[in-house]
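Novice: Below are the structure tokens for one structure; questions will follow.
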Amino acid sequence: QQQQQRQQQQQVMQGAASTSTPENMVLADWCTARDILKEILEWAALRGNDSVQLANVKRLFRSVYAVDLCETTLGYCKLSELLRDDRFKDICEVQVRGHGYVVAPAQVEDIDDEEEIAHPVPNNPSSPASCGTNETAGRCSSSSSSS
């Protein structure tokens, strides 16, 4: 099944039509959003890309993972603001390039509170580590895992 998911990722990232439908979408929680965004950026890096167009991020969540990344559900009006939240600073940074925004992997030297991110406070609903108890999309892994 992992190989099939990887093949779907390749097709979607190359612009193929999506096989996901709105009926089987789940809403991303913080943990799911972090995990999937890590995978998207890792996949882009394997393809030789140092970033992903911001406009493609939500589409990739939906088409590859059948997960809806809804910034308003997570408390933001814009996707770019959501991805600038402290809970993503160990994963990505939003940059302006040319005439648009891109999402690039976070640079280690850009993280001021690396210790706090590596060991988030348990039982804090806004902490990525606490989302292990929330099985909204069943994709959660510990935020302290290294890539």
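Each chain in the structure tokens gets a letter, A, B and so on, in the order shown; residues start at 1 in every chain, and ligands are counted from 1 in the order they appear.
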Taking the chain letters and numbering used in this document, name the residues of range 14-118 of chain A that DSSP puts in helix (DSSP H, G or I), as a VMD selection string.

Specialist: chain A and resid 22 to 24 30 to 46 54 to 65 79 to 82 86 to 88 108 to 110 114 to 118

Novice: Just how far from CA of His99 in chain A is CA of Trp30 in chain A, in Å to one decimal?

Specialist: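 Separation of CA of Trp30 in chain A and CA of His99 in chain A: 28.6 Å.
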
Novice: Out of A:Asn24, A:Gln95, A:Gln53, A:Cys31, which residue has the shortest atom-to-atom distance to Leu74 in chain A when counting only C-alpha atoms?

Specialist: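 Of all the options, A:Cys31 lies closest to Leu74 in chain A.
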
Novice: Of the candidates A:Lys58, A:Ile91, A:Tyr65, A:Asp35, which shows the shortest atom-to-atom distance to Leu79 in chain A, using only C-alpha atoms?

Specialist: A:Lys58

Novice: Tell me, in Å to one decimal, how far CA of Asn56 in chain A is from CA of Trp43 in chain A.

Specialist: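 Computed distance, CA of Asn56 in chain A to CA of Trp43 in chain A, equals 13.6 Å.
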
Novice: Could you please determine the separation between CA of Val108 in chain A and CA of Glu81 in chain A in Å, to one decimal place?

Specialist: 20.2 Å

Novice: Could you tell me which of A:Gly75, A:Asp86, A:Arg62, A:Cys92 comes closest to Leu37 in chain A if we count only C-alpha atoms?

Specialist: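 Nearest candidate to Leu37 in chain A out of A:Gly75, A:Asp86, A:Arg62, A:Cys92: A:Cys92.
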
Novice: Taking only C-alpha atoms into account, name the residue in A:Cys77, A:Val103, A:Cys70, A:Ala55 that is nearest to Ile40 in chain A.

Specialist: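 The answer is A:Val103, which sits nearest to Ile40 in chain A.
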